[in-house]
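Below: data-v7.tsv (TSV, C-alpha atoms)
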chain	number	residue	atom	x	y	z
N	11	MET	CA	80.76	-42.08	228.57
N	12	ILE	CA	82.09	-42.53	232.05
N	13	ALA	CA	83.72	-45.74	233.23
N	14	ASN	CA	84.50	-46.31	236.86
N	15	GLY	CA	86.16	-49.08	238.84
N	16	VAL	CA	86.73	-49.78	242.54
N	17	ARG	CA	89.07	-52.06	244.42
N	18	ARG	CA	87.73	-55.41	245.52
N	19	PRO	CA	89.43	-58.18	247.57
N	20	GLY	CA	91.52	-60.50	245.41
N	21	ALA	CA	91.59	-58.23	242.38
N	22	LEU	CA	93.69	-55.39	241.09
N	23	VAL	CA	92.11	-52.07	240.40
N	24	PHE	CA	90.75	-51.31	236.97
N	25	ALA	CA	89.77	-47.73	237.65
N	26	LYS	CA	89.22	-45.19	234.96
N	27	ARG	CA	87.13	-42.04	234.81
N	28	ILE	CA	87.52	-40.77	231.29
N	29	GLN	CA	85.06	-39.09	228.97
N	30	VAL	CA	84.86	-40.46	225.45
N	31	GLY	CA	85.01	-37.90	222.64
N	32	LEU	CA	82.00	-36.40	220.95
N	33	ALA	CA	82.45	-38.55	217.85
N	34	ALA	CA	82.17	-41.75	219.86
N	35	ARG	CA	79.01	-40.59	221.57
N	36	ARG	CA	77.27	-39.64	218.35
N	37	ASN	CA	78.28	-42.80	216.49
N	38	SER	CA	75.91	-45.66	217.31
N	39	SER	CA	78.42	-48.25	216.08
N	40	SER	CA	80.96	-46.90	218.58
N	41	LEU	CA	78.42	-47.26	221.38
N	42	ASN	CA	77.78	-50.83	220.26
N	43	ASN	CA	81.53	-51.53	220.33
N	44	ILE	CA	81.79	-50.14	223.86
N	45	ALA	CA	78.87	-52.30	225.04
N	46	ASP	CA	80.38	-55.32	223.30
N	47	ILE	CA	83.74	-54.95	225.06
N	48	VAL	CA	82.26	-54.21	228.48
N	49	GLY	CA	80.07	-57.30	227.98
N	50	LEU	CA	83.19	-59.40	227.44
N	51	TYR	CA	84.53	-58.17	230.78
N	52	LEU	CA	81.30	-58.67	232.72
N	53	GLN	CA	80.05	-61.86	231.12
N	54	PRO	CA	82.51	-63.53	228.72
N	55	PRO	CA	81.30	-66.37	226.45
N	56	GLU	CA	81.34	-69.76	228.13
N	57	ASN	CA	84.61	-71.70	227.67
N	58	ALA	CA	86.08	-68.89	225.56
N	59	VAL	CA	89.37	-67.06	226.04
N	60	VAL	CA	89.26	-63.25	226.18
N	61	LEU	CA	92.56	-61.50	225.49
N	62	SER	CA	93.46	-57.82	225.70
N	63	VAL	CA	96.20	-57.12	223.15
N	64	ASP	CA	98.25	-54.09	222.13
N	65	GLU	CA	101.77	-52.77	221.60
N	66	THR	CA	103.54	-50.75	224.28
N	67	PRO	CA	102.42	-47.11	224.03
N	68	HIS	CA	104.22	-45.56	227.02
N	69	ILE	CA	107.57	-47.11	227.89
N	70	GLN	CA	110.41	-44.76	228.84
N	71	ALA	CA	109.34	-41.91	226.56
N	72	PRO	CA	105.77	-40.58	226.97
N	73	CYS	CA	103.51	-40.98	223.93
N	74	SER	CA	105.99	-43.38	222.31
N	75	SER	CA	105.16	-46.84	221.02
N	76	GLN	CA	108.73	-48.05	221.47
N	77	GLY	CA	110.80	-48.63	224.61
N	78	GLN	CA	114.05	-46.71	224.48
N	79	ALA	CA	117.34	-47.87	225.92
N	80	LEU	CA	118.34	-44.78	227.87
N	81	GLU	CA	121.57	-44.32	229.76
N	82	ARG	CA	121.13	-41.66	232.43
N	83	ALA	CA	123.97	-39.78	234.04
N	84	GLN	CA	124.20	-40.33	237.80
N	85	GLY	CA	125.86	-37.97	240.24
N	86	TRP	CA	126.07	-36.61	243.79
N	87	LEU	CA	125.02	-33.26	245.24
N	88	LYS	CA	126.62	-32.02	248.46
N	89	LEU	CA	124.22	-30.14	250.73
N	90	PRO	CA	125.20	-27.27	253.10
N	91	ASN	CA	124.65	-29.52	256.13
N	92	GLY	CA	127.31	-31.92	254.90
N	93	LYS	CA	124.92	-34.59	253.66
N	94	ALA	CA	124.82	-35.75	250.06
N	95	LEU	CA	122.06	-36.67	247.65
N	96	THR	CA	122.35	-38.94	244.67
N	97	GLY	CA	120.12	-38.97	241.60
N	98	PHE	CA	119.87	-39.19	237.85
N	99	SER	CA	120.19	-36.36	235.38
N	100	HIS	CA	117.44	-35.58	232.90
N	101	GLU	CA	120.08	-35.77	230.20
N	102	SER	CA	120.51	-39.22	228.65
N	103	LYS	CA	122.07	-41.12	225.78
N	104	ARG	CA	119.87	-43.22	223.52
N	105	HIS	CA	121.06	-46.69	222.58
N	106	GLY	CA	118.27	-47.97	220.36
N	107	THR	CA	114.65	-49.00	220.75
N	108	THR	CA	112.57	-52.14	221.19
N	109	THR	CA	108.87	-52.76	220.69
N	110	LEU	CA	106.77	-54.91	223.02
N	111	PHE	CA	103.58	-56.69	222.00
N	112	ALA	CA	101.58	-58.01	224.94
N	113	ALA	CA	98.44	-60.06	225.54
N	114	LEU	CA	96.60	-60.07	228.86
N	115	ASP	CA	94.26	-62.97	229.67
N	116	VAL	CA	91.22	-61.18	231.07
N	117	ALA	CA	90.10	-64.18	233.15
N	118	THR	CA	93.43	-64.95	234.83
N	119	GLY	CA	95.44	-61.73	234.60
N	120	LEU	CA	98.39	-63.61	233.06
N	121	VAL	CA	100.47	-61.65	230.55
N	122	ARG	CA	102.38	-62.90	227.53
N	123	GLY	CA	104.87	-60.64	225.78
N	124	GLY	CA	106.84	-60.60	222.55
N	125	HIS	CA	109.76	-58.37	221.57
N	126	TYR	CA	110.20	-56.95	218.08
N	127	ARG	CA	112.30	-54.30	216.40
N	128	ARG	CA	109.36	-52.71	214.59
N	129	ARG	CA	105.60	-52.32	214.89
N	130	ARG	CA	104.10	-53.45	211.61
N	131	ARG	CA	101.40	-55.80	210.45
N	132	VAL	CA	103.95	-58.59	210.00
N	133	GLU	CA	105.06	-58.34	213.65
N	134	PHE	CA	101.46	-58.25	214.81
N	135	ARG	CA	100.61	-61.40	212.82
N	136	HIS	CA	103.67	-63.18	214.20
N	137	PHE	CA	102.71	-62.32	217.76
N	138	MET	CA	99.10	-63.38	217.21
N	139	ASN	CA	100.22	-66.71	215.74
N	140	ARG	CA	102.22	-67.40	218.88
N	141	THR	CA	99.37	-66.25	221.13
N	142	VAL	CA	96.66	-68.29	219.39
N	143	ALA	CA	98.88	-71.38	219.49
N	144	GLN	CA	98.71	-71.24	223.30
N	145	HIS	CA	94.95	-71.95	223.17
N	146	PRO	CA	94.41	-74.79	220.66
N	147	GLY	CA	90.79	-75.54	219.83
N	148	ARG	CA	89.46	-72.66	221.94
N	149	GLU	CA	87.19	-69.80	220.92
N	150	ILE	CA	89.27	-66.64	221.31
N	151	HIS	CA	88.01	-63.07	221.64
N	152	VAL	CA	90.68	-60.37	221.22
N	153	ILE	CA	90.21	-56.75	222.32
N	154	LEU	CA	92.25	-54.31	220.23
N	155	ASP	CA	92.39	-50.64	219.33
N	156	ASN	CA	91.57	-49.74	215.73
N	157	LEU	CA	95.13	-49.09	214.58
N	158	ASN	CA	95.55	-49.93	210.91
N	159	THR	CA	98.07	-52.67	211.73
N	160	HIS	CA	95.28	-54.43	213.64
N	161	LYS	CA	92.46	-53.65	211.23
N	162	PRO	CA	93.35	-53.88	207.52
N	163	LYS	CA	90.66	-53.56	204.88
N	164	HIS	CA	90.90	-57.26	204.02
N	165	ASP	CA	92.04	-59.34	206.99
N	166	ARG	CA	93.23	-62.63	205.51
N	167	TRP	CA	94.80	-63.69	208.81
N	168	LEU	CA	91.45	-63.46	210.59
N	169	ALA	CA	89.77	-65.38	207.76
N	170	ARG	CA	92.26	-68.22	208.31
N	171	HIS	CA	91.38	-68.35	212.02
N	172	PRO	CA	87.58	-68.76	212.26
N	173	ASN	CA	87.80	-69.39	216.00
N	174	VAL	CA	89.25	-65.90	216.61
N	175	TYR	CA	87.07	-62.80	216.94
N	176	PHE	CA	88.41	-59.24	217.04
N	177	HIS	CA	86.65	-56.52	219.08
N	178	PHE	CA	87.89	-52.99	218.37
N	179	THR	CA	87.71	-50.09	220.79
N	180	PRO	CA	86.30	-46.89	219.26
N	181	THR	CA	88.56	-43.95	218.50
N	182	HIS	CA	89.44	-42.06	221.73
N	183	ALA	CA	88.29	-45.06	223.80
N	184	TRP	CA	91.61	-46.90	224.04
N	185	TRP	CA	91.19	-46.91	227.83
N	186	LEU	CA	88.62	-49.71	227.44
N	187	ASN	CA	91.49	-52.08	226.68
N	188	GLN	CA	92.74	-53.57	229.95
N	189	ILE	CA	96.25	-54.15	228.63
N	190	GLU	CA	96.73	-50.37	228.79
N	191	VAL	CA	96.42	-50.58	232.58
N	192	TRP	CA	99.07	-53.28	232.66
N	193	PHE	CA	101.39	-51.19	230.47
N	194	SER	CA	101.09	-48.42	233.05
N	195	ILE	CA	102.06	-50.86	235.81
N	196	LEU	CA	105.04	-52.08	233.77
N	197	SER	CA	106.25	-48.55	233.18
N	198	SER	CA	105.99	-47.44	236.82
N	199	LYS	CA	107.24	-50.65	238.46
N	200	ALA	CA	109.97	-51.84	236.09
N	201	LEU	CA	111.12	-49.07	233.76
N	202	ALA	CA	110.65	-45.67	235.41
N	203	GLY	CA	114.05	-44.07	236.08
N	204	ALA	CA	115.96	-47.12	234.85
N	205	SER	CA	119.18	-46.82	232.87
N	206	PHE	CA	119.94	-49.05	229.89
N	207	THR	CA	122.87	-49.18	227.47
N	208	ALA	CA	121.36	-51.62	224.96
N	209	PRO	CA	117.89	-52.77	223.81
N	210	TRP	CA	118.52	-56.29	225.09
N	211	GLN	CA	118.74	-54.89	228.62
N	212	VAL	CA	115.27	-53.36	228.20
N	213	ARG	CA	113.92	-56.68	226.94
N	214	ASP	CA	115.50	-58.60	229.82
N	215	GLN	CA	114.04	-56.14	232.33
N	216	ILE	CA	110.57	-56.51	230.81
N	217	ASP	CA	110.81	-60.32	230.68
N	218	ALA	CA	111.88	-60.47	234.32
N	219	PHE	CA	108.97	-58.26	235.32
N	220	ILE	CA	106.46	-60.37	233.35
N	221	ALA	CA	107.75	-63.55	235.00
N	222	ALA	CA	107.46	-62.03	238.48
N	223	TYR	CA	104.07	-60.47	237.71
N	224	ASN	CA	102.60	-63.76	236.48
N	225	GLN	CA	103.52	-65.55	239.70
N	226	ASP	CA	100.89	-63.51	241.53
N	227	ALA	CA	98.72	-62.40	238.62
N	228	GLN	CA	95.10	-61.48	239.31
N	229	PRO	CA	92.45	-60.30	236.87
N	230	PHE	CA	91.31	-56.73	236.65
N	231	GLU	CA	87.64	-56.15	237.42
N	232	TRP	CA	85.22	-53.91	235.60
N	233	THR	CA	82.92	-52.84	238.41
N	234	LYS	CA	80.79	-50.14	236.81
N	235	GLN	CA	77.45	-51.76	235.98
N	236	VAL	CA	75.84	-48.74	234.31
N	237	VAL	CA	77.67	-46.75	231.63
N	238	PHE	CA	75.98	-43.39	231.11
N	239	SER	CA	76.59	-40.47	228.80
N	240	GLN	CA	77.41	-36.87	229.54
N	241	HIS	CA	77.01	-33.94	227.19
N	242	PRO	CA	80.32	-32.33	226.18
N	243	ARG	CA	81.10	-28.86	227.43
N	244	SER	CA	80.74	-26.50	224.50
N	245	LYS	CA	82.71	-23.53	225.87
N	246	TYR	CA	86.38	-23.33	226.73
N	247	ALA	CA	85.57	-21.56	230.02
N	248	ASP	CA	83.48	-24.58	231.08
N	249	LEU	CA	86.50	-26.84	230.89
N	250	ARG	CA	88.13	-24.90	233.72
N	251	ASN	CA	85.29	-25.61	236.13
Please render this file's structure as structure tokens.
Amino acid sequence: MIANGVRRPGALVFAKRIQVGLAARRNSSSLNNIADIVGLYLQPPENAVVLSVDETPHIQAPCSSQGQALERAQGWLKLPNGKALTGFSHESKRHGTTTLFAALDVATGLVRGGHYRRRRRVEFRHFMNRTVAQHPGREIHVILDNLNTHKPKHDRWLARHPNVYFHFTPTHAWWLNQIEVWFSILSSKALAGASFTAPWQVRDQIDAFIAAYNQDAQPFEWTKQVVFSQHPRSKYADLRN
């Protein structure tokens, strides 16, 4: 499956061109899940709230679900022409980690975050309780990946909240979740190259960024009207072309 986005006036870019894995293409339920989520973006239910929710997957350390408090060594380099350059060393000291749960309102672009020490079902439930409380009496549709902390075999929390509906992205299709785009913005705009000596500094940096971001928040737009399939390349040599 190929998903594309383009920039339009008054909206941030939601641009992705990623091919979903073979398993997702062959599984009809996965295709239905993709259509369901894209439908929420293009035509959400009337008077309903659509939220994109996940934990931070890429803060500070690539492929990590936790933001690390890193203290980077800074120094100066004298050049032959007499000028000097300053920069940060790749070496760093680690001072602990923090986990961010975040919910993006698809209609408004507003982001709500919550900081936790760990990423378990109990933290997810706590964050969802706080998030749902912000929309009393509303029908709420939540887009999530299919991590086991989001999708237990018997979801008693969901049974206690009949106004909440979970929509899970298929395996290898995490890019359908718009909060992943926002996480990328957070990483590049607020955390890249930063130096922290304690987890609370990471949390304060994230909170300050969320507050500033929400002042001028705009929704992402899904602009690809037709989602079409492509056959996977069966030979390694084909991947190089």
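What separates atom CA of N:Arg170 from atom CA of N:Glu190 is a distance of 27.5 Å.
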Checklist entry - What does the distance from atom CA of N:Val191 to atom CA of N:Leu114 come to in Å, to one decimal? => result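 Spanning atom CA of N:Val191 to atom CA of N:Leu114 is a straight-line distance of 10.2 Å.
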Item to check | Residues near N:Ala227, cut-off 6 Å, all atoms listed in the file, skip fewer than 3 positions along chain, as number ranges by chain | outcome: N: 119-120, 223-224
Next, dump the selected residues to file, keeping only C-alpha atoms, as a compact mmCIF listing (two decimals), in the frame of the given file.
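The result, stored in again09.txt:
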# COMPACT_ATOMS: atom_id res chain seq x y z
CA GLY N 119 95.44 -61.73 234.60
CA LEU N 120 98.39 -63.61 233.06
CA TYR N 223 104.07 -60.47 237.71
CA ASN N 224 102.60 -63.76 236.48
Item to check | Test item: residues at most 12 Å from N:Phe134, only C-alpha atoms, excluding those fewer than 5 positions along its chain, as a VMD selection string | outcome: chain N and resid 63 to 65 109 to 113 123 to 129 139 to 141 154 157 to 162 167
Checklist outcome for this item: From atom CA of N:Arg122 to atom CA of N:Asn43 the spacing works out at 24.8 Å
Item to check | Residue contacts of N:His151 (7 Å, all atoms listed in the file) excluding same-chain residues fewer than 3 positions away, as an NGL selection string | outcome: :N and (59-61 or 174-176)
Item to check | N:Ala218, N:Val152, N:Lys199, N:Arg166 ranked by distance to N:Phe178, top pick (using all atoms listed in the file) | outcome: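 Closest candidate: N:Val152.
Remark: for N:Val121, the closest of the candidate residues N:Asn173, N:Ser62, N:Thr108, N:Gln215 is N:Ser62 (distances computed over all atoms listed in the file).
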Item to check | Selection near N:Ala143, 12 Å with all atoms listed in the file, sequence-local residues under 6 positions removed, as an MDAnalysis selection string | outcome: chainID N and resid 136:137 149:150 171 173:174
Item to check | From N:Trp192, N:Thr181, N:Ala45, N:Pro146, residue lying nearest N:Pro229 [only C-alpha atoms] | outcome: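 The shortest atom-to-atom distance to N:Pro229 comes from N:Trp192.
Comparing N:Leu50, N:Ala117, N:Met138, N:Ile153 by their smallest distance to N:Ile189, the closest is N:Ile153 (using only C-alpha atoms).
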